[in-house]
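J.: I am attaching a structure below and will ask some questions about it afterwards.
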Amino acid sequence: MSELVVIGFDAMDEADKVLLKLNSLKKEYLVDLEDAVVVVRDETGKVHLKQSLNLTAIGATSGLLSGSLWGGLVGLLFLNPLAGFAIGGLVGAGTGAISGSLTDYGIDDEFIRSLGGTIPNSSSALFILVRKAQPEKVLAELHGLRGRVLKTSLAPDQEERLRKALSGSSSEAASA
């Protein structure tokens, strides 16, 4: 089961830096992220979402491939496979892009927007959905980042360990 963790930061670029660090930990197989979203609230109070997965591009790519294949096969029936390939590819890419843009994957966007509206101006937050992780190693990497846990589905003891690691508490550094 995946766990939701939302961490707020005082700087607008800090959530991006932490996501880059988590992606490097992902390459080392220390954390498995299902979804990650960076929320930035600018000086005027407008909330901006940066999704880690571009579902529109993924949908367009898969639609292009399947549309081209099916268009080529249908084109063979009418003795013009190149035209079927081209038309099928265009139609497939268009419908794939539309379906990708309408799909909501991972963390609910309305939840992200509503919680993102509560963070202070000129700050950021990181929403992550974690499938599994090596807690000791991940907490050691996150030690002292000066973030605040805004919301989580972690068990209370795990949440407290995360809070201590983010605040840079020396008791967590000794146990990690």
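By order in the structure tokens, chains are A, B, ...; within a chain, residues start at 1; ligands start at 1, following the order shown.
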DSSP on the backbone, then: every residue of region 122-152 of chain A marked helix (DSSP H, G or I), written as a list in words.

T.: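 Written out, the helix (DSSP H, G or I) residues of region 122-152 of chain A are Pro135, Glu136, Lys137, Val138, Leu139, Ala140, Glu141 and Leu142 of chain A.
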
J.: Compile the contact shell of region 110-116 of chain A as number ranges by chain: residues with an atom at most 12 Å away, counting only C-alpha atoms, same-chain residues fewer than 6 positions apart removed.

T.: A: 4-9, 36-42, 45-51, 104, 122-128, 150-151

J.: List the spatial neighbours of Ala133 (chain A) as an MDAnalysis selection string - criterion: any atom at most 8 Å away, only C-alpha atoms, same-chain residues fewer than 3 positions off excluded.

T.: chainID A and resid 30:32 130 138

J.: For region 77-89 of chain A, please output as a list of chain:residue names all residues within 6 Å (counting only C-alpha atoms; exclusion window: fewer than 6 positions along the same chain).

T.: A:Leu64, A:Gly67, A:Ser68, A:Gly71

J.: Please, what distance in Å, to one decimal, runs between CA of Gln158 (chain A) and CA of Pro120 (chain A)?

T.: 25.8 Å
